[in-house]
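Below is one structure, written out as structure tokens; the observations come after it.
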Amino acid sequence: MFNFIRLSALFFFLNISLFFAQIYKNPSENIEKRISDLLNRMTLQEKIGQMQQYNLWEMNDKVLEEVADGKVGSFLNAGSKEDKIKLQTVAVSKSRLGIPLIFGRDVIHGYKTVLPIPLGQASTWNPDLIKKGAEVAAAEASEDGIHWTFAPMIDISRDPRWGRIAESCGEDPFLASVMGSAMIHGFQGENLAAPNTIAACAKHYVGYGAAEGGRDYNTTLIPEGELRNIYLKPFQAAVKTGVATLMSAFNDLNGVPATGNNFTLKKILRKEWLYDGFVVSDWGAVSEMINHGFAKDGEEAAVKAVNAGVNMEMVTENYKTHLTQLINSGKVKVEWIDTLVAGILRVKFKLGLFDNPFGINPSKTTLTNTNKKIAKEIATESIVLLQNRNSTLPLNIDKINNLAIVGPLADAPADQLGTWSLDGNPANVITPLKAIKKEFGHKLKIYYSKAMETPRSNDRKYFNDALEIAGKSDCVLLFLGEDAMLSGETHCRAFLNLPGKQEELIDELSKLGKPLILIILAGRPLTFGNVANKVNSILYAWHPGIMGGEAISDILFGKVSPSGKLPVTFPRTVGQIPIYYNHKNTGRPPSPNQLGRTLGTPENPDGYASYYLDVDYTPAYPFGYGLTYSSLKYSNLSLSDKTIKLDDTLQVSVSVTNTGNFRTKEIVELYIRDLYGSITRPVKELKGFKKIDLAPGESRKVKFSLSAEDFKFYDINMNYIAEPGEFEIFVGGSSNDKDLLKEKIILK
Ligand code: BGC
């Protein structure tokens with residue numbers, strides 16, 4: 001009887017497999033079986049073809065031939081939707097095995113509905129909202145046949161000189177992990193094969209944000225402990241979240257370029273984290289290993305990248321040119337090539353491309369009101385109120401008759417989009433000028449002067465216009481900062497002040513004695529300590545995307561309270577960089593009585609501590625900082641226990657009360673400090689946050705729970721452990737001591 005059942009089962013499966021002779025084409029087969037069936041059928045050339053990604057700006061016949069010959073596995077950019085259909089049709093119907101292409105593109109902060117830059121998105125501290133933003137981006141991009149985005153960028157960025165800080169989630173490993181994972185969830189959804197989802201790519205693996213001098217592509221030196229405790233954290237979280245792909249970075253990490261780095265790509269990513277998706281090199285990063293002086297030529301670069309585990313080469317053609325020969329000579333093992341190609345095929349199968357190769361989202365959601373509403377919500381929550389003297393904001397519309405809107409960024413649609421907005425169209429942007437005129441134009445007399453041709457202008461020829469309209473107004477809204485082209489890839493700065501003649505403009509306007517509101521649009525933290533005391537209020541709006549104007553207007557006029565908080569420390573001056581909240585204490589920590597000293601008094605130093613003679617050691621604005629229109633009181637920090645064991649969970653709660661008269665959201669932050677350890681530990685580490693909504697007078701108990709996992713770190717021997725000892729637990733509204741309540745626990 002048993003044999004009979006076995007035989008019938010065998011017969012049944014034989015039949016099925018005869019029916020679907022090509023297992024890899026059978027959608028009901030298990031993906032791993034489909035992969036191995038397909039690999040068995042592929043020639044070496046076809047395998048190498050899968051590892052090649054081309055950039056394509058313009059369709060041409062040569063490329064179509066290569067697709068038909070199975071010599072390319074992926075494109076980035078790849079023209080219009082029609083071009084993609086054409087390429088894919090050739091891939092699936094003319095190439096020998098019909099393996100579909102995967103089309104990638106930099107959908108970094110929204111597609112056509114451009115959202116705030118990622119650094120702005122991180123300022124919302126609202127992962128649910130950020131996830132929705134990525135869903136919008138994925139749905140819109142997949143309408144155009146894009147299968148894969150090169151986002152999120154989760155490089156820890158402690159250096160605002162670096163232009164790419166704009167693309168990051170800031171300086172903190174915990175916040176970047178939470179926000180990066182939210183983006184991945186949003187892009188990929190529950191099911192990669194669904195028509196409205198796309199594959200994500202965690203980049204740039206790894207250490208890219210630590211470029212020396214904040215200069216793009218520069219050397220990075222990160223000790224292993226720091227790498228594991230800080231820089232790798234968001235990538236580990238991304239892998240846990242199920243990110244489909246990773247991108248290997250340009251930088252040389254501790255002497256080994258990230259794109260040929262066995263330690264990070266093989267040992268950590270594949271062996272420790274068991275990653276089975278695929279890694280694409282950054283643009284030309286395989287060839288750049290020659291410039292790094294890490295490879296003699298393209299052949300050696302190919303060996304090093306392949307053997308480290310870079311599955312796909314972006315743009316350059318070292319794999320295509322050299323891999324056959326390298327396999328023949330035994331420098332690269334064919335079994336390893338199979339593993340790398342399997343990684344690529346796995347993602348293509350998961351995306352459903354073998355069954356539905358075009359992967360085009362049929363629903364028409366691009367730029368719908370729903371999408372714009374999400375973009376506006378993100379922009380609104382991304383805006384950080386840095387200063388609000390005498391509660392100048394929100395503006396009371398009943399007390400203003402004449403309003404001056406001044407500055408080169410009040411009506412600069414393209415700049416509002418920020419860096420990496422390939423598919424954004426300035427025509428879809430609502431600028432602050434447009435939004436304010438639309439909403440209040442019938443109630444107020446609104447004057448507008450650009451004052452400067454661009455944010456970088458060095459002449460004062462329009463200053464008089466600006467001063468004239470400001471002079472006849474009750475209030476001045478001044479829109480300054482950086483144009484989009486000042487931030488992003490390669491757009492690094494050695495000076496972080498407001499560019500051009502902006503400070504002089506502030507100077508002149510401030511002399512009028514009118515309420516002066518400074519709204520800064522920028523791709524990075526800027527230094528503006530010289531002028532902060534000349535304006536009443538400062539709103540930091542980043543590059544806020546297409547709906548930024550409405551978001552700013554709503555905040556200025558009090559429809560909603562600002563609720564963003566900084567995901568990165570704002571230095572007082574470039575000379576303080578690197579400056580970040582989770583630093584070490586040092587043997588000679590400075591103390592608050594060393595603050596506010598007369599500058600430049602070397603003959604009178606205030607003790608031998610770690611500070612500067614010529615500027616305070618504290619930042620201009622700390623990580624986690626941001627004001628609201630209300631006032632908040634934190635009280636009753638309570639812990640479930642004062643002594644905990646490794647397997648215990650510590651319950652932490654705090655009461656937060658809205659003591660002002662404005663409804664607001666508030667971000668409640670939880671930090672820990674491991675007071676002593678087998679290695680020195682940061683003075684604070686963010687371990688949790690909650691964003692809550694409070695009506696005036698309302699009080700809420702906010703709860704967190706901490707487990708041993710939250711107290712762990714990599715020790716000197718790279719063991720991931722929590723060490724017994726004393727810990728401080730802080731809860732409050734920023735990383736600054738004065739905004740935090742504190743308790744102590746003992747971990748046994
Ligand atoms: C950037 C990547 C980007 C790639 C493709 C590179 O220059 O570093 O972040 O995804 O280009 O456009």
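To be explicit about the labels: the chains of the structure tokens are called A, B, and onward in the order shown, and within each one the residues are counted from 1, while ligands get numbers from 1 in the order they are shown.
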### Task
Write out as a count of residues only which residues come within 7 Å of A:Tyr625 when counting only C-alpha atoms, dropping same-chain ones fewer than 5 positions away.
4
Give one line per residue of chain A that approaches ligand 1 to at most 10 Å, naming the two atoms of the closest pair and their distance in Å to one decimal, counting only C-alpha atoms and all ligand atoms; sort by chain then ascending residue number and deliver it as JSON lines.
```
{"residue": "A:Asn55", "atom": "CA", "partner": "ligand 1", "partner_atom_place_in_ligand_line": "5 (C)", "distance": 8.5}
{"residue": "A:Leu76", "atom": "CA", "partner": "ligand 1", "partner_atom_place_in_ligand_line": "5 (C)", "distance": 7.2}
{"residue": "A:Asn77", "atom": "CA", "partner": "ligand 1", "partner_atom_place_in_ligand_line": "12 (O)", "distance": 7.9}
{"residue": "A:Gly104", "atom": "CA", "partner": "ligand 1", "partner_atom_place_in_ligand_line": "5 (C)", "distance": 8.6}
{"residue": "A:Arg105", "atom": "CA", "partner": "ligand 1", "partner_atom_place_in_ligand_line": "12 (O)", "distance": 6.7}
{"residue": "A:Asp106", "atom": "CA", "partner": "ligand 1", "partner_atom_place_in_ligand_line": "10 (O)", "distance": 5.5}
{"residue": "A:Val107", "atom": "CA", "partner": "ligand 1", "partner_atom_place_in_ligand_line": "10 (O)", "distance": 8.9}
{"residue": "A:Ile108", "atom": "CA", "partner": "ligand 1", "partner_atom_place_in_ligand_line": "10 (O)", "distance": 8.6}
{"residue": "A:Thr149", "atom": "CA", "partner": "ligand 1", "partner_atom_place_in_ligand_line": "10 (O)", "distance": 8.1}
{"residue": "A:Phe150", "atom": "CA", "partner": "ligand 1", "partner_atom_place_in_ligand_line": "10 (O)", "distance": 4.9}
{"residue": "A:Ala151", "atom": "CA", "partner": "ligand 1", "partner_atom_place_in_ligand_line": "10 (O)", "distance": 7.4}
{"residue": "A:Pro152", "atom": "CA", "partner": "ligand 1", "partner_atom_place_in_ligand_line": "9 (O)", "distance": 9.4}
{"residue": "A:Met153", "atom": "CA", "partner": "ligand 1", "partner_atom_place_in_ligand_line": "9 (O)", "distance": 7.5}
{"residue": "A:Arg164", "atom": "CA", "partner": "ligand 1", "partner_atom_place_in_ligand_line": "9 (O)", "distance": 9.0}
{"residue": "A:Glu167", "atom": "CA", "partner": "ligand 1", "partner_atom_place_in_ligand_line": "9 (O)", "distance": 9.0}
{"residue": "A:Cys201", "atom": "CA", "partner": "ligand 1", "partner_atom_place_in_ligand_line": "10 (O)", "distance": 8.7}
{"residue": "A:Ala202", "atom": "CA", "partner": "ligand 1", "partner_atom_place_in_ligand_line": "9 (O)", "distance": 9.8}
{"residue": "A:Lys203", "atom": "CA", "partner": "ligand 1", "partner_atom_place_in_ligand_line": "9 (O)", "distance": 7.0}
{"residue": "A:His204", "atom": "CA", "partner": "ligand 1", "partner_atom_place_in_ligand_line": "9 (O)", "distance": 7.0}
{"residue": "A:Tyr208", "atom": "CA", "partner": "ligand 1", "partner_atom_place_in_ligand_line": "8 (O)", "distance": 9.5}
{"residue": "A:Asp216", "atom": "CA", "partner": "ligand 1", "partner_atom_place_in_ligand_line": "8 (O)", "distance": 9.6}
{"residue": "A:Tyr217", "atom": "CA", "partner": "ligand 1", "partner_atom_place_in_ligand_line": "8 (O)", "distance": 8.9}
{"residue": "A:Met247", "atom": "CA", "partner": "ligand 1", "partner_atom_place_in_ligand_line": "10 (O)", "distance": 7.8}
{"residue": "A:Ser248", "atom": "CA", "partner": "ligand 1", "partner_atom_place_in_ligand_line": "8 (O)", "distance": 9.4}
{"residue": "A:Ala249", "atom": "CA", "partner": "ligand 1", "partner_atom_place_in_ligand_line": "8 (O)", "distance": 7.4}
{"residue": "A:Phe250", "atom": "CA", "partner": "ligand 1", "partner_atom_place_in_ligand_line": "8 (O)", "distance": 7.3}
{"residue": "A:Val280", "atom": "CA", "partner": "ligand 1", "partner_atom_place_in_ligand_line": "10 (O)", "distance": 9.6}
{"residue": "A:Ser281", "atom": "CA", "partner": "ligand 1", "partner_atom_place_in_ligand_line": "4 (C)", "distance": 8.9}
{"residue": "A:Asp282", "atom": "CA", "partner": "ligand 1", "partner_atom_place_in_ligand_line": "6 (C)", "distance": 5.6}
{"residue": "A:Trp283", "atom": "CA", "partner": "ligand 1", "partner_atom_place_in_ligand_line": "6 (C)", "distance": 4.9}
{"residue": "A:Gly284", "atom": "CA", "partner": "ligand 1", "partner_atom_place_in_ligand_line": "7 (O)", "distance": 8.2}
{"residue": "A:Ala285", "atom": "CA", "partner": "ligand 1", "partner_atom_place_in_ligand_line": "6 (C)", "distance": 8.9}
{"residue": "A:Met314", "atom": "CA", "partner": "ligand 1", "partner_atom_place_in_ligand_line": "5 (C)", "distance": 8.0}
{"residue": "A:Val315", "atom": "CA", "partner": "ligand 1", "partner_atom_place_in_ligand_line": "5 (C)", "distance": 9.1}
{"residue": "A:Trp420", "atom": "CA", "partner": "ligand 1", "partner_atom_place_in_ligand_line": "12 (O)", "distance": 9.1}
{"residue": "A:Leu422", "atom": "CA", "partner": "ligand 1", "partner_atom_place_in_ligand_line": "12 (O)", "distance": 9.9}
{"residue": "A:Gly488", "atom": "CA", "partner": "ligand 1", "partner_atom_place_in_ligand_line": "8 (O)", "distance": 9.7}
{"residue": "A:Glu489", "atom": "CA", "partner": "ligand 1", "partner_atom_place_in_ligand_line": "8 (O)", "distance": 6.9}
{"residue": "A:Thr490", "atom": "CA", "partner": "ligand 1", "partner_atom_place_in_ligand_line": "7 (O)", "distance": 9.0}
```
## Note on the structure
atom CA of A:Asn126 to atom CA of A:Asp737 measures 23.1 Å
#### Entry: Selection near stretch 740-744 of chain A, 10 Å with only C-alpha atoms, sequence-local residues under 2 positions removed, as number ranges by chain
A: 634-639, 641-643, 652, 654, 668-673, 675, 726-738, 746-747
### Task
Name the residues in contact with stretch 262-272 of chain A at a cut-off of 8 Å, using only C-alpha atoms, excluding same-chain residues fewer than 4 positions from it; report them as number ranges by chain.
A: 206, 258, 276, 307-310
Grab the residues selected above and save them as a PDB file, in the first residue's frame with N, CA and C atoms.
```
ATOM      1  N   VAL A 206      29.754  49.689   2.173  1.00  0.00           N
ATOM      2  CA  VAL A 206      29.391  50.306   3.433  1.00  0.00           C
ATOM      3  C   VAL A 206      30.475  51.310   3.844  1.00  0.00           C
ATOM      4  N   ALA A 258      35.213  49.056  -1.001  1.00  0.00           N
ATOM      5  CA  ALA A 258      33.982  48.383  -0.570  1.00  0.00           C
ATOM      6  C   ALA A 258      33.463  47.416  -1.640  1.00  0.00           C
ATOM      7  N   ASP A 276      20.794  36.302   0.832  1.00  0.00           N
ATOM      8  CA  ASP A 276      20.743  35.535  -0.414  1.00  0.00           C
ATOM      9  C   ASP A 276      20.168  36.328  -1.593  1.00  0.00           C
ATOM     10  N   ASN A 307      34.845  37.706  -6.602  1.00  0.00           N
ATOM     11  CA  ASN A 307      35.154  36.820  -5.485  1.00  0.00           C
ATOM     12  C   ASN A 307      34.704  37.382  -4.142  1.00  0.00           C
ATOM     13  N   ALA A 308      34.592  38.717  -4.065  1.00  0.00           N
ATOM     14  CA  ALA A 308      34.068  39.291  -2.820  1.00  0.00           C
ATOM     15  C   ALA A 308      32.548  39.108  -2.758  1.00  0.00           C
ATOM     16  N   GLY A 309      31.905  38.950  -3.926  1.00  0.00           N
ATOM     17  CA  GLY A 309      30.463  38.704  -3.905  1.00  0.00           C
ATOM     18  C   GLY A 309      29.618  39.807  -4.499  1.00  0.00           C
ATOM     19  N   VAL A 310      30.178  40.567  -5.446  1.00  0.00           N
ATOM     20  CA  VAL A 310      29.348  41.546  -6.158  1.00  0.00           C
ATOM     21  C   VAL A 310      28.695  40.811  -7.330  1.00  0.00           C
TER      22      VAL A 310
END
```
Using only C-alpha atoms, determine which residues lie at most 12 Å from A:Met452, disregarding the query and same-chain residues fewer than 5 positions distant; provide the list as a short mmCIF file (atom, residue, chain, number, x, y, z; two decimals) with N, CA and C atoms, in the first residue's frame.
```cif
data_model
loop_
_atom_site.label_atom_id
_atom_site.label_comp_id
_atom_site.auth_asym_id
_atom_site.auth_seq_id
_atom_site.Cartn_x
_atom_site.Cartn_y
_atom_site.Cartn_z
N VAL A 406 10.01 87.27 0.63
CA VAL A 406 11.30 87.67 0.07
C VAL A 406 12.20 86.44 -0.07
N GLY A 407 13.05 86.48 -1.09
CA GLY A 407 14.12 85.49 -1.17
C GLY A 407 14.07 84.61 -2.40
N PRO A 408 15.24 84.12 -2.82
CA PRO A 408 15.35 83.35 -4.05
C PRO A 408 14.74 81.95 -3.96
N LEU A 409 14.33 81.53 -2.75
CA LEU A 409 13.74 80.19 -2.65
C LEU A 409 12.25 80.23 -2.31
N ALA A 410 11.65 81.41 -2.41
CA ALA A 410 10.21 81.51 -2.13
C ALA A 410 9.40 80.96 -3.30
N ASP A 411 10.01 81.01 -4.47
CA ASP A 411 9.27 80.58 -5.66
C ASP A 411 10.25 79.93 -6.64
N ALA A 412 10.87 78.86 -6.17
CA ALA A 412 11.91 78.19 -6.95
C ALA A 412 11.58 76.70 -7.08
N SER A 457 23.90 84.15 -5.45
CA SER A 457 24.27 85.44 -6.06
C SER A 457 25.12 86.29 -5.12
N ASN A 458 26.05 86.96 -5.75
CA ASN A 458 26.94 87.80 -4.95
C ASN A 458 26.72 89.28 -5.16
N ASP A 459 25.56 89.63 -5.74
CA ASP A 459 25.33 91.07 -5.86
C ASP A 459 24.09 91.48 -5.07
N ARG A 460 24.00 92.75 -4.82
CA ARG A 460 22.92 93.27 -3.97
C ARG A 460 21.93 94.08 -4.80
N LYS A 461 21.94 93.83 -6.13
CA LYS A 461 21.18 94.77 -6.96
C LYS A 461 19.66 94.74 -6.70
N TYR A 462 19.13 93.62 -6.20
CA TYR A 462 17.68 93.61 -5.92
C TYR A 462 17.36 93.84 -4.44
N PHE A 463 18.40 94.11 -3.65
CA PHE A 463 18.16 94.30 -2.22
C PHE A 463 17.14 95.42 -1.96
N ASN A 464 17.27 96.49 -2.75
CA ASN A 464 16.38 97.63 -2.51
C ASN A 464 14.92 97.28 -2.70
N ASP A 465 14.64 96.46 -3.74
CA ASP A 465 13.25 96.02 -3.94
C ASP A 465 12.76 95.31 -2.70
N ALA A 466 13.61 94.41 -2.21
CA ALA A 466 13.22 93.61 -1.04
C ALA A 466 12.99 94.51 0.17
N LEU A 478 11.19 85.24 4.85
CA LEU A 478 12.42 85.26 4.08
C LEU A 478 12.85 83.83 3.76
N PHE A 479 12.86 83.51 2.48
CA PHE A 479 13.15 82.14 2.04
C PHE A 479 14.58 82.04 1.51
N LEU A 480 15.46 81.48 2.32
CA LEU A 480 16.87 81.37 1.93
C LEU A 480 17.35 79.92 2.04
N GLY A 481 18.64 79.75 1.78
CA GLY A 481 19.21 78.40 1.91
C GLY A 481 20.05 78.02 0.71
N PRO A 499 24.87 80.70 1.45
CA PRO A 499 25.74 81.14 0.35
C PRO A 499 25.46 82.57 -0.14
N GLY A 500 26.34 83.02 -1.02
CA GLY A 500 26.18 84.33 -1.66
C GLY A 500 26.06 85.43 -0.62
N LYS A 501 25.17 86.38 -0.96
CA LYS A 501 25.01 87.55 -0.08
C LYS A 501 23.82 87.38 0.88
N GLN A 502 23.48 86.13 1.19
CA GLN A 502 22.28 85.91 2.02
C GLN A 502 22.39 86.55 3.40
N GLU A 503 23.56 86.41 4.03
CA GLU A 503 23.69 86.97 5.38
C GLU A 503 23.52 88.49 5.35
N GLU A 504 24.06 89.10 4.29
CA GLU A 504 23.93 90.57 4.18
C GLU A 504 22.46 90.95 4.01
N LEU A 505 21.74 90.14 3.27
CA LEU A 505 20.31 90.41 3.07
C LEU A 505 19.58 90.36 4.42
N ILE A 506 19.91 89.34 5.21
CA ILE A 506 19.28 89.23 6.53
C ILE A 506 19.61 90.47 7.36
#
```
### Message
For a quick check of understanding, using only C-alpha atoms, which of A:Gly145, A:Trp162, A:Ile35, A:Met51 has the smallest distance to A:Ala305?
### Response
A:Met51
### Query
Closest to A:Glu212 among A:Pro127, A:Pro578, A:Pro592, A:Gly441, using only C-alpha atoms?
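Checking each candidate against A:Glu212, we get A:Pro578 as the closest.
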### Task
Tell me, as a list in words, which residues lie within 10 Å of A:Gly207, counting only C-alpha atoms; anything in the same chain fewer than 5 positions away does not count.
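Close residues of A:Gly207: Ile154, Asp155, Ile156, Ser157, Thr219, Thr220, Leu221, Ile222, Leu227, Ile230, Tyr231, Leu232, Ser248, Ala249, Phe250, Asn251, Asp252, Leu253, Asn254 and Ala258 of chain A.
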Can you write just those residues out, N, CA, C and O atoms, as a PDB file, in the first residue's frame?
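Result file follows (selection31.pdb):
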```pdb
ATOM      1  N   ILE A 154      21.202  54.405   3.246  1.00  0.00           N
ATOM      2  CA  ILE A 154      21.220  54.357   4.715  1.00  0.00           C
ATOM      3  C   ILE A 154      22.644  54.487   5.250  1.00  0.00           C
ATOM      4  O   ILE A 154      23.001  53.880   6.246  1.00  0.00           O
ATOM      5  N   ASP A 155      23.427  55.286   4.536  1.00  0.00           N
ATOM      6  CA  ASP A 155      24.786  55.564   4.998  1.00  0.00           C
ATOM      7  C   ASP A 155      24.723  56.496   6.204  1.00  0.00           C
ATOM      8  O   ASP A 155      24.139  57.581   6.118  1.00  0.00           O
ATOM      9  N   ILE A 156      25.342  56.087   7.296  1.00  0.00           N
ATOM     10  CA  ILE A 156      25.415  56.971   8.460  1.00  0.00           C
ATOM     11  C   ILE A 156      26.207  58.204   8.054  1.00  0.00           C
ATOM     12  O   ILE A 156      27.312  58.102   7.517  1.00  0.00           O
ATOM     13  N   SER A 157      25.620  59.377   8.284  1.00  0.00           N
ATOM     14  CA  SER A 157      26.220  60.621   7.794  1.00  0.00           C
ATOM     15  C   SER A 157      26.423  61.589   8.952  1.00  0.00           C
ATOM     16  O   SER A 157      25.475  62.175   9.463  1.00  0.00           O
ATOM     17  N   THR A 219      38.446  58.470   0.940  1.00  0.00           N
ATOM     18  CA  THR A 219      38.879  57.370   1.811  1.00  0.00           C
ATOM     19  C   THR A 219      38.037  57.278   3.086  1.00  0.00           C
ATOM     20  O   THR A 219      37.684  58.298   3.666  1.00  0.00           O
ATOM     21  N   THR A 220      37.784  56.060   3.527  1.00  0.00           N
ATOM     22  CA  THR A 220      37.136  55.894   4.833  1.00  0.00           C
ATOM     23  C   THR A 220      37.964  54.942   5.693  1.00  0.00           C
ATOM     24  O   THR A 220      38.430  53.909   5.212  1.00  0.00           O
ATOM     25  N   LEU A 221      38.137  55.324   6.918  1.00  0.00           N
ATOM     26  CA  LEU A 221      38.872  54.501   7.885  1.00  0.00           C
ATOM     27  C   LEU A 221      37.958  54.314   9.084  1.00  0.00           C
ATOM     28  O   LEU A 221      37.672  55.263   9.810  1.00  0.00           O
ATOM     29  N   ILE A 222      37.446  53.118   9.229  1.00  0.00           N
ATOM     30  CA  ILE A 222      36.478  52.868  10.305  1.00  0.00           C
ATOM     31  C   ILE A 222      36.890  51.586  11.025  1.00  0.00           C
ATOM     32  O   ILE A 222      36.845  50.505  10.428  1.00  0.00           O
ATOM     33  N   LEU A 227      32.491  50.123  12.888  1.00  0.00           N
ATOM     34  CA  LEU A 227      31.778  49.670  11.696  1.00  0.00           C
ATOM     35  C   LEU A 227      30.544  48.856  12.108  1.00  0.00           C
ATOM     36  O   LEU A 227      29.429  49.095  11.661  1.00  0.00           O
ATOM     37  N   ILE A 230      28.034  51.031  14.479  1.00  0.00           N
ATOM     38  CA  ILE A 230      27.412  52.231  13.897  1.00  0.00           C
ATOM     39  C   ILE A 230      27.034  52.029  12.421  1.00  0.00           C
ATOM     40  O   ILE A 230      25.862  52.045  12.059  1.00  0.00           O
ATOM     41  N   TYR A 231      28.023  51.850  11.579  1.00  0.00           N
ATOM     42  CA  TYR A 231      27.788  51.937  10.124  1.00  0.00           C
ATOM     43  C   TYR A 231      27.034  50.738   9.540  1.00  0.00           C
ATOM     44  O   TYR A 231      26.267  50.882   8.587  1.00  0.00           O
ATOM     45  N   LEU A 232      27.270  49.551  10.107  1.00  0.00           N
ATOM     46  CA  LEU A 232      26.600  48.368   9.552  1.00  0.00           C
ATOM     47  C   LEU A 232      25.167  48.210  10.054  1.00  0.00           C
ATOM     48  O   LEU A 232      24.370  47.493   9.438  1.00  0.00           O
ATOM     49  N   SER A 248      27.124  47.980  -3.576  1.00  0.00           N
ATOM     50  CA  SER A 248      28.452  48.114  -2.973  1.00  0.00           C
ATOM     51  C   SER A 248      28.991  49.503  -3.280  1.00  0.00           C
ATOM     52  O   SER A 248      28.843  50.019  -4.382  1.00  0.00           O
ATOM     53  N   ALA A 249      29.634  50.092  -2.282  1.00  0.00           N
ATOM     54  CA  ALA A 249      29.986  51.519  -2.350  1.00  0.00           C
ATOM     55  C   ALA A 249      31.274  51.782  -3.126  1.00  0.00           C
ATOM     56  O   ALA A 249      32.031  50.876  -3.448  1.00  0.00           O
ATOM     57  N   PHE A 250      31.498  53.068  -3.395  1.00  0.00           N
ATOM     58  CA  PHE A 250      32.689  53.530  -4.107  1.00  0.00           C
ATOM     59  C   PHE A 250      33.950  53.532  -3.229  1.00  0.00           C
ATOM     60  O   PHE A 250      35.055  53.439  -3.731  1.00  0.00           O
ATOM     61  N   ASN A 251      33.740  53.745  -1.912  1.00  0.00           N
ATOM     62  CA  ASN A 251      34.878  54.105  -1.070  1.00  0.00           C
ATOM     63  C   ASN A 251      35.818  52.965  -0.760  1.00  0.00           C
ATOM     64  O   ASN A 251      35.458  51.795  -0.780  1.00  0.00           O
ATOM     65  N   ASP A 252      37.025  53.387  -0.447  1.00  0.00           N
ATOM     66  CA  ASP A 252      38.056  52.484   0.037  1.00  0.00           C
ATOM     67  C   ASP A 252      37.863  52.408   1.551  1.00  0.00           C
ATOM     68  O   ASP A 252      37.959  53.416   2.241  1.00  0.00           O
ATOM     69  N   LEU A 253      37.545  51.234   2.054  1.00  0.00           N
ATOM     70  CA  LEU A 253      37.246  51.065   3.476  1.00  0.00           C
ATOM     71  C   LEU A 253      38.413  50.354   4.161  1.00  0.00           C
ATOM     72  O   LEU A 253      38.669  49.181   3.873  1.00  0.00           O
ATOM     73  N   ASN A 254      39.079  51.052   5.021  1.00  0.00           N
ATOM     74  CA  ASN A 254      40.237  50.489   5.739  1.00  0.00           C
ATOM     75  C   ASN A 254      41.241  49.850   4.783  1.00  0.00           C
ATOM     76  O   ASN A 254      41.784  48.781   5.053  1.00  0.00           O
ATOM     77  N   ALA A 258      35.213  49.056  -1.001  1.00  0.00           N
ATOM     78  CA  ALA A 258      33.982  48.383  -0.570  1.00  0.00           C
ATOM     79  C   ALA A 258      33.463  47.416  -1.640  1.00  0.00           C
ATOM     80  O   ALA A 258      32.741  46.475  -1.327  1.00  0.00           O
TER      81      ALA A 258
END
```
### Task
Would you please give, as a list in words, all residues of stretch 104-273 of chain A that DSSP assigns to strand (DSSP E) based on the backbone?
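Answer for stretch 104-273 of chain A restricted to strand (DSSP E) is Gly104, Arg105, Trp148, Thr149, Cys201, Ala202, Lys203, His204, Tyr205, Thr245, Leu246, Met247, Ser248, Asp252, Leu253, Val256 and Pro257 of chain A.
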Could you write out that same residue set with C-alpha atoms as an mmCIF file, in the first residue's frame?
```
data_model
loop_
_atom_site.group_PDB
_atom_site.id
_atom_site.type_symbol
_atom_site.label_atom_id
_atom_site.label_comp_id
_atom_site.auth_asym_id
_atom_site.auth_seq_id
_atom_site.Cartn_x
_atom_site.Cartn_y
_atom_site.Cartn_z
ATOM 1 C CA GLY A 104 16.411 49.850 -12.146
ATOM 2 C CA ARG A 105 16.290 53.575 -11.540
ATOM 3 C CA TRP A 148 13.825 48.241 -8.853
ATOM 4 C CA THR A 149 14.887 51.416 -7.070
ATOM 5 C CA CYS A 201 18.380 48.491 -2.744
ATOM 6 C CA ALA A 202 20.138 49.336 0.517
ATOM 7 C CA LYS A 203 23.119 51.496 -0.315
ATOM 8 C CA HIS A 204 26.002 52.220 -0.215
ATOM 9 C CA TYR A 205 27.467 49.176 1.437
ATOM 10 C CA THR A 245 19.341 44.038 -3.131
ATOM 11 C CA LEU A 246 22.317 46.005 -1.844
ATOM 12 C CA MET A 247 24.735 48.322 -3.631
ATOM 13 C CA SER A 248 28.452 48.114 -2.973
ATOM 14 C CA ASP A 252 38.056 52.484 0.037
ATOM 15 C CA LEU A 253 37.246 51.065 3.476
ATOM 16 C CA VAL A 256 40.069 47.695 0.773
ATOM 17 C CA PRO A 257 37.534 49.196 -1.634
#
```
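Considering the residues A:Phe358, A:Trp125, A:Phe174, A:Phe711 and counting only C-alpha atoms, A:Ile146 has its shortest atom-to-atom contact with A:Phe358.
For A:Lys748, the set of protein, DNA and RNA residues having any atom at most 9 Å away, when counting only C-alpha atoms and skipping those fewer than 6 positions along the same chain, is A:Thr643, A:Ile644, A:Lys645, A:Leu646, A:Glu723, A:Pro724, A:Gly725, A:Glu726.
Minimum distance to A:Leu417 across A:Thr113, A:Thr365, A:Gln594, A:Thr680 (counting only C-alpha atoms) occurs at A:Thr113.
Taking atom CA of A:Pro234 and atom CA of A:Leu686 as the two end points, the separation is 13.3 Å.
Residue nearest A:Gly343 within the list A:Gly575, A:Phe495, A:Lys47, A:Thr366: A:Lys47 [criterion: smallest interatomic distance, only C-alpha atoms].
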### Query
Could you write out, as an NGL selection string, all the residues of stretch 13-111 of chain A that DSSP marks as alpha helix (DSSP H)?
:A and (13-19 or 31-41 or 44-50 or 61-68 or 81-94)
Give me, as CSV, each residue of stretch 399-422 of chain A that comes within 8 Å of stretch 534-546 of chain A, together with its shortest interatomic pair and the distance in Å at one decimal, counting only C-alpha atoms, with rows ordered by chain and rising residue number.
```
residue,atom,partner,partner_atom,distance
A:Pro413,CA,A:Ile546,CA,7.7
A:Asp415,CA,A:His543,CA,7.2
A:Gln416,CA,A:His543,CA,5.0
A:Leu417,CA,A:Gly545,CA,4.5
A:Gly418,CA,A:His543,CA,5.1
```
